[in-house]
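Only one structure is covered here, and it is reproduced in the block below.
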Amino acid sequence: MSAIKWPSDGKYLGDWKKGEKVAQGGRGLTWRDKITAVNGGNCYNCHQIDPSFNSYGTLGPSLAGYGKLRGVTDPNSPAAQAVVKYTWGKIWNSRAYNACSNMPRAGTNGVLTQDQVRDLVALLLDPNSPVNK
Ligand code: HEC
């Protein structure tokens, strides 16, 4: 848990439209990628996320309906904070919650930026995101 860096300004939620691009993006950290290039999250490699996007891996559980299934109608409300923080922490350092997780540690390993994680949290929890339609 101590390896999780929480958002410096306390803002957990970004833009779900950008989050969808981060989730679909699989580039980064290979010998062909420039060291300064923006990395993708590669999330669809293991997860279903937007149910209308029909190419995804199944190593991880489906995240379709992620916010809705957890009763999140307003991710900014106090009632949603536990789910919001868990989602950030899980993406930042998956092993904080499951020591043997197969999920890459996007924050701890420096793959994604805080802004990219914000956009992913919004993708999973914003009621307007296609994930929760
Ligand atoms: C290599 C496969 C893999 C990739 C890539 C991956 N995940 Fe995961 N993810 C998993 C697995 C396996 C689990 C379930 C086991 C666990 O809890 O660690 C999981 C669990 C989760 C959970 C918790 C679900 C719950 O019900 O508690 C969230 C949220 C999540 N992933 C989001 C993401 C996001 C966002 C990305 C992209 C940045 C991503 N994952 C990339 C494999 C992956």
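A note on labels: chains of the structure tokens are A, B, ... as shown, every chain counts residues from 1, and ligands are counted from 1 in their shown order.
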
Selection: 9 Å around Asp15 of chain A, only C-alpha atoms, excl. self and same-chain fewer than 2 positions, as an NGL selection string: :A and (13 or 17-20 or 118-123 or 126)

Residues of the last selection are to be written out with C-alpha atoms, as a tab-separated table (two decimals), in the first residue's frame.
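The result, written out as selection-v5.tsv:
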chain	number	residue	atom	x	y	z
A	13	LEU	CA	-11.24	11.70	-11.77
A	17	LYS	CA	-12.89	9.77	-23.31
A	18	LYS	CA	-9.13	10.08	-22.87
A	19	GLY	CA	-9.25	7.08	-20.52
A	20	GLU	CA	-10.71	4.94	-23.29
A	118	ARG	CA	-7.27	9.86	-13.53
A	119	ASP	CA	-8.68	9.31	-17.02
A	120	LEU	CA	-8.89	5.54	-16.42
A	121	VAL	CA	-10.65	5.99	-13.07
A	122	ALA	CA	-13.19	8.21	-14.87
A	123	LEU	CA	-13.60	5.62	-17.62
A	126	ASP	CA	-18.22	8.03	-14.63

Close residues, segment 105-113 of chain A itself excluded, 12 Å, only C-alpha atoms, min 6 positions apart in chain, as a ChimeraX atom specification: /A:1-8,14,19,22-23,25-30,35-43,88-99,119-120

All residues 12 Å or closer to segment 71-78 of chain A, only C-alpha atoms, same chain fewer than 5 positions away omitted, as a ChimeraX atom specification: /A:10-14,65-66,83-85,87,121-129,132-133

I need the chosen residues saved as a PDB file, in the first residue's frame, with N, CA, C and O atoms.
ATOM      1  N   GLY A  10      -5.383  15.601  -4.899  1.00  0.00           N
ATOM      2  CA  GLY A  10      -6.618  15.003  -4.372  1.00  0.00           C
ATOM      3  C   GLY A  10      -7.687  14.745  -5.425  1.00  0.00           C
ATOM      4  O   GLY A  10      -8.780  14.301  -5.099  1.00  0.00           O
ATOM      5  N   LYS A  11      -7.350  14.977  -6.702  1.00  0.00           N
ATOM      6  CA  LYS A  11      -8.343  14.750  -7.771  1.00  0.00           C
ATOM      7  C   LYS A  11      -8.124  13.372  -8.393  1.00  0.00           C
ATOM      8  O   LYS A  11      -7.075  13.119  -8.982  1.00  0.00           O
ATOM      9  N   TYR A  12      -9.124  12.531  -8.272  1.00  0.00           N
ATOM     10  CA  TYR A  12      -9.021  11.154  -8.747  1.00  0.00           C
ATOM     11  C   TYR A  12      -9.626  10.956 -10.131  1.00  0.00           C
ATOM     12  O   TYR A  12      -9.415   9.929 -10.749  1.00  0.00           O
ATOM     13  N   LEU A  13     -10.447  11.927 -10.559  1.00  0.00           N
ATOM     14  CA  LEU A  13     -11.240  11.697 -11.766  1.00  0.00           C
ATOM     15  C   LEU A  13     -10.817  12.615 -12.903  1.00  0.00           C
ATOM     16  O   LEU A  13     -10.708  13.823 -12.712  1.00  0.00           O
ATOM     17  N   GLY A  14     -10.584  12.023 -14.073  1.00  0.00           N
ATOM     18  CA  GLY A  14     -10.227  12.797 -15.257  1.00  0.00           C
ATOM     19  C   GLY A  14     -11.322  12.709 -16.300  1.00  0.00           C
ATOM     20  O   GLY A  14     -12.503  12.785 -15.980  1.00  0.00           O
ATOM     21  N   GLY A  65     -19.607  -2.308 -16.851  1.00  0.00           N
ATOM     22  CA  GLY A  65     -20.538  -1.998 -15.766  1.00  0.00           C
ATOM     23  C   GLY A  65     -19.839  -1.778 -14.429  1.00  0.00           C
ATOM     24  O   GLY A  65     -20.494  -1.790 -13.381  1.00  0.00           O
ATOM     25  N   TYR A  66     -18.540  -1.529 -14.436  1.00  0.00           N
ATOM     26  CA  TYR A  66     -17.729  -1.459 -13.197  1.00  0.00           C
ATOM     27  C   TYR A  66     -18.324  -0.516 -12.141  1.00  0.00           C
ATOM     28  O   TYR A  66     -18.499  -0.904 -10.987  1.00  0.00           O
ATOM     29  N   VAL A  83     -14.690   3.356  -3.261  1.00  0.00           N
ATOM     30  CA  VAL A  83     -14.545   2.691  -4.560  1.00  0.00           C
ATOM     31  C   VAL A  83     -13.567   3.478  -5.444  1.00  0.00           C
ATOM     32  O   VAL A  83     -12.718   2.890  -6.124  1.00  0.00           O
ATOM     33  N   VAL A  84     -13.673   4.811  -5.407  1.00  0.00           N
ATOM     34  CA  VAL A  84     -12.795   5.658  -6.216  1.00  0.00           C
ATOM     35  C   VAL A  84     -11.330   5.419  -5.822  1.00  0.00           C
ATOM     36  O   VAL A  84     -10.460   5.190  -6.670  1.00  0.00           O
ATOM     37  N   LYS A  85     -11.072   5.407  -4.514  1.00  0.00           N
ATOM     38  CA  LYS A  85      -9.690   5.225  -4.044  1.00  0.00           C
ATOM     39  C   LYS A  85      -9.174   3.822  -4.353  1.00  0.00           C
ATOM     40  O   LYS A  85      -8.022   3.647  -4.744  1.00  0.00           O
ATOM     41  N   THR A  87     -10.043   1.973  -6.837  1.00  0.00           N
ATOM     42  CA  THR A  87      -9.800   1.878  -8.281  1.00  0.00           C
ATOM     43  C   THR A  87      -8.465   2.529  -8.628  1.00  0.00           C
ATOM     44  O   THR A  87      -7.656   1.957  -9.379  1.00  0.00           O
ATOM     45  N   VAL A 121      -9.683   6.060 -14.184  1.00  0.00           N
ATOM     46  CA  VAL A 121     -10.645   5.990 -13.071  1.00  0.00           C
ATOM     47  C   VAL A 121     -11.994   6.536 -13.549  1.00  0.00           C
ATOM     48  O   VAL A 121     -13.053   5.956 -13.277  1.00  0.00           O
ATOM     49  N   ALA A 122     -11.952   7.640 -14.322  1.00  0.00           N
ATOM     50  CA  ALA A 122     -13.193   8.205 -14.867  1.00  0.00           C
ATOM     51  C   ALA A 122     -13.846   7.232 -15.844  1.00  0.00           C
ATOM     52  O   ALA A 122     -15.067   7.042 -15.818  1.00  0.00           O
ATOM     53  N   LEU A 123     -13.042   6.587 -16.673  1.00  0.00           N
ATOM     54  CA  LEU A 123     -13.596   5.617 -17.624  1.00  0.00           C
ATOM     55  C   LEU A 123     -14.389   4.531 -16.879  1.00  0.00           C
ATOM     56  O   LEU A 123     -15.478   4.145 -17.294  1.00  0.00           O
ATOM     57  N   LEU A 124     -13.855   4.066 -15.763  1.00  0.00           N
ATOM     58  CA  LEU A 124     -14.496   2.969 -15.034  1.00  0.00           C
ATOM     59  C   LEU A 124     -15.660   3.435 -14.161  1.00  0.00           C
ATOM     60  O   LEU A 124     -16.574   2.646 -13.884  1.00  0.00           O
ATOM     61  N   LEU A 125     -15.649   4.705 -13.728  1.00  0.00           N
ATOM     62  CA  LEU A 125     -16.643   5.116 -12.722  1.00  0.00           C
ATOM     63  C   LEU A 125     -17.610   6.215 -13.156  1.00  0.00           C
ATOM     64  O   LEU A 125     -18.651   6.400 -12.512  1.00  0.00           O
ATOM     65  N   ASP A 126     -17.302   6.955 -14.210  1.00  0.00           N
ATOM     66  CA  ASP A 126     -18.218   8.031 -14.632  1.00  0.00           C
ATOM     67  C   ASP A 126     -19.515   7.411 -15.163  1.00  0.00           C
ATOM     68  O   ASP A 126     -19.466   6.526 -16.017  1.00  0.00           O
ATOM     69  N   PRO A 127     -20.663   7.857 -14.658  1.00  0.00           N
ATOM     70  CA  PRO A 127     -21.923   7.286 -15.151  1.00  0.00           C
ATOM     71  C   PRO A 127     -22.161   7.556 -16.632  1.00  0.00           C
ATOM     72  O   PRO A 127     -22.936   6.838 -17.274  1.00  0.00           O
ATOM     73  N   ASN A 128     -21.483   8.579 -17.205  1.00  0.00           N
ATOM     74  CA  ASN A 128     -21.639   8.859 -18.646  1.00  0.00           C
ATOM     75  C   ASN A 128     -20.704   8.041 -19.524  1.00  0.00           C
ATOM     76  O   ASN A 128     -20.815   8.057 -20.747  1.00  0.00           O
ATOM     77  N   SER A 129     -19.761   7.337 -18.898  1.00  0.00           N
ATOM     78  CA  SER A 129     -18.846   6.502 -19.664  1.00  0.00           C
ATOM     79  C   SER A 129     -19.601   5.295 -20.230  1.00  0.00           C
ATOM     80  O   SER A 129     -20.496   4.766 -19.566  1.00  0.00           O
ATOM     81  N   ASN A 132     -20.566   2.198 -18.130  1.00  0.00           N
ATOM     82  CA  ASN A 132     -21.690   2.141 -17.174  1.00  0.00           C
ATOM     83  C   ASN A 132     -23.054   2.363 -17.813  1.00  0.00           C
ATOM     84  O   ASN A 132     -24.032   2.587 -17.123  1.00  0.00           O
ATOM     85  N   LYS A 133     -23.117   2.281 -19.153  1.00  0.00           N
ATOM     86  CA  LYS A 133     -24.407   2.466 -19.831  1.00  0.00           C
ATOM     87  C   LYS A 133     -25.183   1.160 -19.833  1.00  0.00           C
ATOM     88  O   LYS A 133     -24.608   0.093 -19.877  1.00  0.00           O
TER      89      LYS A 133
END

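Of the residues listed (A:Pro130, A:Asn54, A:Ala64, A:Cys46), A:Cys46 shows the shortest atom-to-atom separation from ligand 1; distances use only C-alpha atoms and all ligand atoms.
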
Given only C-alpha atoms and all ligand atoms as the counted atoms, nearest of A:Ala82, A:Asp33, A:Ser52, A:His47 to ligand 1: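 The answer is A:His47, which sits nearest to ligand 1.
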
Could you give me, as a PDB file with N, CA, C and O atoms, in the first residue's frame, each residue of chain A that DSSP assigns to alpha helix (DSSP H) when run on this structure's backbone?
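Once written, part_33.pdb looks like this:
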ATOM      1  N   TRP A  16     -13.111  10.519 -19.147  1.00  0.00           N
ATOM      2  CA  TRP A  16     -13.266   9.116 -19.548  1.00  0.00           C
ATOM      3  C   TRP A  16     -12.957   8.899 -21.030  1.00  0.00           C
ATOM      4  O   TRP A  16     -12.532   7.809 -21.427  1.00  0.00           O
ATOM      5  N   LYS A  17     -13.169   9.948 -21.868  1.00  0.00           N
ATOM      6  CA  LYS A  17     -12.886   9.772 -23.309  1.00  0.00           C
ATOM      7  C   LYS A  17     -11.388   9.554 -23.530  1.00  0.00           C
ATOM      8  O   LYS A  17     -10.984   8.714 -24.336  1.00  0.00           O
ATOM      9  N   LYS A  18     -10.583  10.302 -22.783  1.00  0.00           N
ATOM     10  CA  LYS A  18      -9.133  10.081 -22.869  1.00  0.00           C
ATOM     11  C   LYS A  18      -8.780   8.730 -22.257  1.00  0.00           C
ATOM     12  O   LYS A  18      -7.878   8.030 -22.725  1.00  0.00           O
ATOM     13  N   GLY A  19      -9.496   8.368 -21.193  1.00  0.00           N
ATOM     14  CA  GLY A  19      -9.252   7.085 -20.525  1.00  0.00           C
ATOM     15  C   GLY A  19      -9.451   5.901 -21.459  1.00  0.00           C
ATOM     16  O   GLY A  19      -8.708   4.924 -21.417  1.00  0.00           O
ATOM     17  N   GLU A  20     -10.454   6.014 -22.326  1.00  0.00           N
ATOM     18  CA  GLU A  20     -10.707   4.937 -23.291  1.00  0.00           C
ATOM     19  C   GLU A  20      -9.499   4.773 -24.219  1.00  0.00           C
ATOM     20  O   GLU A  20      -9.097   3.649 -24.542  1.00  0.00           O
ATOM     21  N   LYS A  21      -8.884   5.885 -24.597  1.00  0.00           N
ATOM     22  CA  LYS A  21      -7.695   5.814 -25.475  1.00  0.00           C
ATOM     23  C   LYS A  21      -6.516   5.193 -24.722  1.00  0.00           C
ATOM     24  O   LYS A  21      -5.759   4.384 -25.287  1.00  0.00           O
ATOM     25  N   VAL A  22      -6.370   5.570 -23.448  1.00  0.00           N
ATOM     26  CA  VAL A  22      -5.283   4.996 -22.642  1.00  0.00           C
ATOM     27  C   VAL A  22      -5.508   3.480 -22.502  1.00  0.00           C
ATOM     28  O   VAL A  22      -4.588   2.673 -22.653  1.00  0.00           O
ATOM     29  N   ALA A  23      -6.751   3.095 -22.245  1.00  0.00           N
ATOM     30  CA  ALA A  23      -7.074   1.679 -22.045  1.00  0.00           C
ATOM     31  C   ALA A  23      -6.808   0.855 -23.308  1.00  0.00           C
ATOM     32  O   ALA A  23      -6.336  -0.276 -23.244  1.00  0.00           O
ATOM     33  N   GLN A  24      -7.115   1.459 -24.479  1.00  0.00           N
ATOM     34  CA  GLN A  24      -6.908   0.737 -25.744  1.00  0.00           C
ATOM     35  C   GLN A  24      -5.449   0.743 -26.175  1.00  0.00           C
ATOM     36  O   GLN A  24      -5.007  -0.171 -26.864  1.00  0.00           O
ATOM     37  N   TYR A  66     -18.540  -1.529 -14.436  1.00  0.00           N
ATOM     38  CA  TYR A  66     -17.729  -1.459 -13.197  1.00  0.00           C
ATOM     39  C   TYR A  66     -18.324  -0.516 -12.141  1.00  0.00           C
ATOM     40  O   TYR A  66     -18.499  -0.904 -10.987  1.00  0.00           O
ATOM     41  N   GLY A  67     -18.635   0.721 -12.535  1.00  0.00           N
ATOM     42  CA  GLY A  67     -19.166   1.689 -11.563  1.00  0.00           C
ATOM     43  C   GLY A  67     -20.609   1.374 -11.183  1.00  0.00           C
ATOM     44  O   GLY A  67     -20.978   1.397 -10.004  1.00  0.00           O
ATOM     45  N   LYS A  68     -21.397   1.056 -12.191  1.00  0.00           N
ATOM     46  CA  LYS A  68     -22.822   0.772 -11.980  1.00  0.00           C
ATOM     47  C   LYS A  68     -23.010  -0.415 -11.023  1.00  0.00           C
ATOM     48  O   LYS A  68     -23.797  -0.356 -10.086  1.00  0.00           O
ATOM     49  N   LEU A  69     -22.229  -1.461 -11.254  1.00  0.00           N
ATOM     50  CA  LEU A  69     -22.346  -2.668 -10.418  1.00  0.00           C
ATOM     51  C   LEU A  69     -21.974  -2.381  -8.964  1.00  0.00           C
ATOM     52  O   LEU A  69     -22.407  -3.089  -8.058  1.00  0.00           O
ATOM     53  N   GLN A  81     -16.312   7.425  -2.376  1.00  0.00           N
ATOM     54  CA  GLN A  81     -14.865   7.610  -2.215  1.00  0.00           C
ATOM     55  C   GLN A  81     -14.079   6.304  -2.007  1.00  0.00           C
ATOM     56  O   GLN A  81     -12.957   6.174  -2.497  1.00  0.00           O
ATOM     57  N   ALA A  82     -14.669   5.356  -1.291  1.00  0.00           N
ATOM     58  CA  ALA A  82     -13.937   4.099  -1.059  1.00  0.00           C
ATOM     59  C   ALA A  82     -13.673   3.377  -2.382  1.00  0.00           C
ATOM     60  O   ALA A  82     -12.568   2.878  -2.627  1.00  0.00           O
ATOM     61  N   VAL A  83     -14.690   3.356  -3.261  1.00  0.00           N
ATOM     62  CA  VAL A  83     -14.545   2.691  -4.560  1.00  0.00           C
ATOM     63  C   VAL A  83     -13.567   3.478  -5.444  1.00  0.00           C
ATOM     64  O   VAL A  83     -12.718   2.890  -6.124  1.00  0.00           O
ATOM     65  N   VAL A  84     -13.673   4.811  -5.407  1.00  0.00           N
ATOM     66  CA  VAL A  84     -12.795   5.658  -6.216  1.00  0.00           C
ATOM     67  C   VAL A  84     -11.330   5.419  -5.822  1.00  0.00           C
ATOM     68  O   VAL A  84     -10.460   5.190  -6.670  1.00  0.00           O
ATOM     69  N   LYS A  85     -11.072   5.407  -4.514  1.00  0.00           N
ATOM     70  CA  LYS A  85      -9.690   5.225  -4.044  1.00  0.00           C
ATOM     71  C   LYS A  85      -9.174   3.822  -4.353  1.00  0.00           C
ATOM     72  O   LYS A  85      -8.022   3.647  -4.744  1.00  0.00           O
ATOM     73  N   TYR A  86     -10.031   2.826  -4.155  1.00  0.00           N
ATOM     74  CA  TYR A  86      -9.617   1.455  -4.478  1.00  0.00           C
ATOM     75  C   TYR A  86      -9.236   1.354  -5.955  1.00  0.00           C
ATOM     76  O   TYR A  86      -8.202   0.757  -6.311  1.00  0.00           O
ATOM     77  N   THR A  87     -10.043   1.973  -6.837  1.00  0.00           N
ATOM     78  CA  THR A  87      -9.800   1.878  -8.281  1.00  0.00           C
ATOM     79  C   THR A  87      -8.465   2.529  -8.628  1.00  0.00           C
ATOM     80  O   THR A  87      -7.656   1.957  -9.379  1.00  0.00           O
ATOM     81  N   TRP A  88      -8.200   3.696  -8.062  1.00  0.00           N
ATOM     82  CA  TRP A  88      -6.900   4.365  -8.265  1.00  0.00           C
ATOM     83  C   TRP A  88      -5.759   3.463  -7.789  1.00  0.00           C
ATOM     84  O   TRP A  88      -4.782   3.212  -8.502  1.00  0.00           O
ATOM     85  N   GLY A  89      -5.894   2.969  -6.551  1.00  0.00           N
ATOM     86  CA  GLY A  89      -4.827   2.166  -5.950  1.00  0.00           C
ATOM     87  C   GLY A  89      -4.567   0.878  -6.714  1.00  0.00           C
ATOM     88  O   GLY A  89      -3.422   0.458  -6.885  1.00  0.00           O
ATOM     89  N   LYS A  90      -5.641   0.271  -7.186  1.00  0.00           N
ATOM     90  CA  LYS A  90      -5.514  -0.990  -7.931  1.00  0.00           C
ATOM     91  C   LYS A  90      -4.746  -0.757  -9.239  1.00  0.00           C
ATOM     92  O   LYS A  90      -3.871  -1.546  -9.598  1.00  0.00           O
ATOM     93  N   ILE A  91      -5.078   0.339  -9.935  1.00  0.00           N
ATOM     94  CA  ILE A  91      -4.388   0.631 -11.191  1.00  0.00           C
ATOM     95  C   ILE A  91      -2.932   1.023 -10.895  1.00  0.00           C
ATOM     96  O   ILE A  91      -2.010   0.606 -11.591  1.00  0.00           O
ATOM     97  N   TRP A  92      -2.723   1.804  -9.830  1.00  0.00           N
ATOM     98  CA  TRP A  92      -1.371   2.277  -9.508  1.00  0.00           C
ATOM     99  C   TRP A  92      -0.458   1.118  -9.122  1.00  0.00           C
ATOM    100  O   TRP A  92       0.666   0.996  -9.595  1.00  0.00           O
ATOM    101  N   GLN A 114      -0.011  10.255 -13.599  1.00  0.00           N
ATOM    102  CA  GLN A 114      -1.187  10.531 -12.758  1.00  0.00           C
ATOM    103  C   GLN A 114      -2.387  10.921 -13.614  1.00  0.00           C
ATOM    104  O   GLN A 114      -3.509  10.474 -13.356  1.00  0.00           O
ATOM    105  N   ASP A 115      -2.175  11.763 -14.626  1.00  0.00           N
ATOM    106  CA  ASP A 115      -3.304  12.185 -15.470  1.00  0.00           C
ATOM    107  C   ASP A 115      -3.925  11.001 -16.207  1.00  0.00           C
ATOM    108  O   ASP A 115      -5.146  10.913 -16.344  1.00  0.00           O
ATOM    109  N   GLN A 116      -3.080  10.094 -16.666  1.00  0.00           N
ATOM    110  CA  GLN A 116      -3.622   8.921 -17.367  1.00  0.00           C
ATOM    111  C   GLN A 116      -4.428   8.040 -16.404  1.00  0.00           C
ATOM    112  O   GLN A 116      -5.468   7.498 -16.778  1.00  0.00           O
ATOM    113  N   VAL A 117      -3.951   7.912 -15.171  1.00  0.00           N
ATOM    114  CA  VAL A 117      -4.694   7.099 -14.191  1.00  0.00           C
ATOM    115  C   VAL A 117      -6.022   7.783 -13.864  1.00  0.00           C
ATOM    116  O   VAL A 117      -7.065   7.120 -13.773  1.00  0.00           O
ATOM    117  N   ARG A 118      -6.010   9.106 -13.746  1.00  0.00           N
ATOM    118  CA  ARG A 118      -7.268   9.857 -13.530  1.00  0.00           C
ATOM    119  C   ARG A 118      -8.272   9.545 -14.639  1.00  0.00           C
ATOM    120  O   ARG A 118      -9.447   9.321 -14.379  1.00  0.00           O
ATOM    121  N   ASP A 119      -7.783   9.555 -15.885  1.00  0.00           N
ATOM    122  CA  ASP A 119      -8.678   9.312 -17.019  1.00  0.00           C
ATOM    123  C   ASP A 119      -9.229   7.883 -16.980  1.00  0.00           C
ATOM    124  O   ASP A 119     -10.390   7.644 -17.325  1.00  0.00           O
ATOM    125  N   LEU A 120      -8.419   6.933 -16.525  1.00  0.00           N
ATOM    126  CA  LEU A 120      -8.887   5.542 -16.420  1.00  0.00           C
ATOM    127  C   LEU A 120      -9.909   5.387 -15.299  1.00  0.00           C
ATOM    128  O   LEU A 120     -10.902   4.658 -15.445  1.00  0.00           O
ATOM    129  N   VAL A 121      -9.683   6.060 -14.184  1.00  0.00           N
ATOM    130  CA  VAL A 121     -10.645   5.990 -13.071  1.00  0.00           C
ATOM    131  C   VAL A 121     -11.994   6.536 -13.549  1.00  0.00           C
ATOM    132  O   VAL A 121     -13.053   5.956 -13.277  1.00  0.00           O
ATOM    133  N   ALA A 122     -11.952   7.640 -14.322  1.00  0.00           N
ATOM    134  CA  ALA A 122     -13.193   8.205 -14.867  1.00  0.00           C
ATOM    135  C   ALA A 122     -13.846   7.232 -15.844  1.00  0.00           C
ATOM    136  O   ALA A 122     -15.067   7.042 -15.818  1.00  0.00           O
ATOM    137  N   LEU A 123     -13.042   6.587 -16.673  1.00  0.00           N
ATOM    138  CA  LEU A 123     -13.596   5.617 -17.624  1.00  0.00           C
ATOM    139  C   LEU A 123     -14.389   4.531 -16.879  1.00  0.00           C
ATOM    140  O   LEU A 123     -15.478   4.145 -17.294  1.00  0.00           O
ATOM    141  N   LEU A 124     -13.855   4.066 -15.763  1.00  0.00           N
ATOM    142  CA  LEU A 124     -14.496   2.969 -15.034  1.00  0.00           C
ATOM    143  C   LEU A 124     -15.660   3.435 -14.161  1.00  0.00           C
ATOM    144  O   LEU A 124     -16.574   2.646 -13.884  1.00  0.00           O
ATOM    145  N   LEU A 125     -15.649   4.705 -13.728  1.00  0.00           N
ATOM    146  CA  LEU A 125     -16.643   5.116 -12.722  1.00  0.00           C
ATOM    147  C   LEU A 125     -17.610   6.215 -13.156  1.00  0.00           C
ATOM    148  O   LEU A 125     -18.651   6.400 -12.512  1.00  0.00           O
TER     149      LEU A 125
END
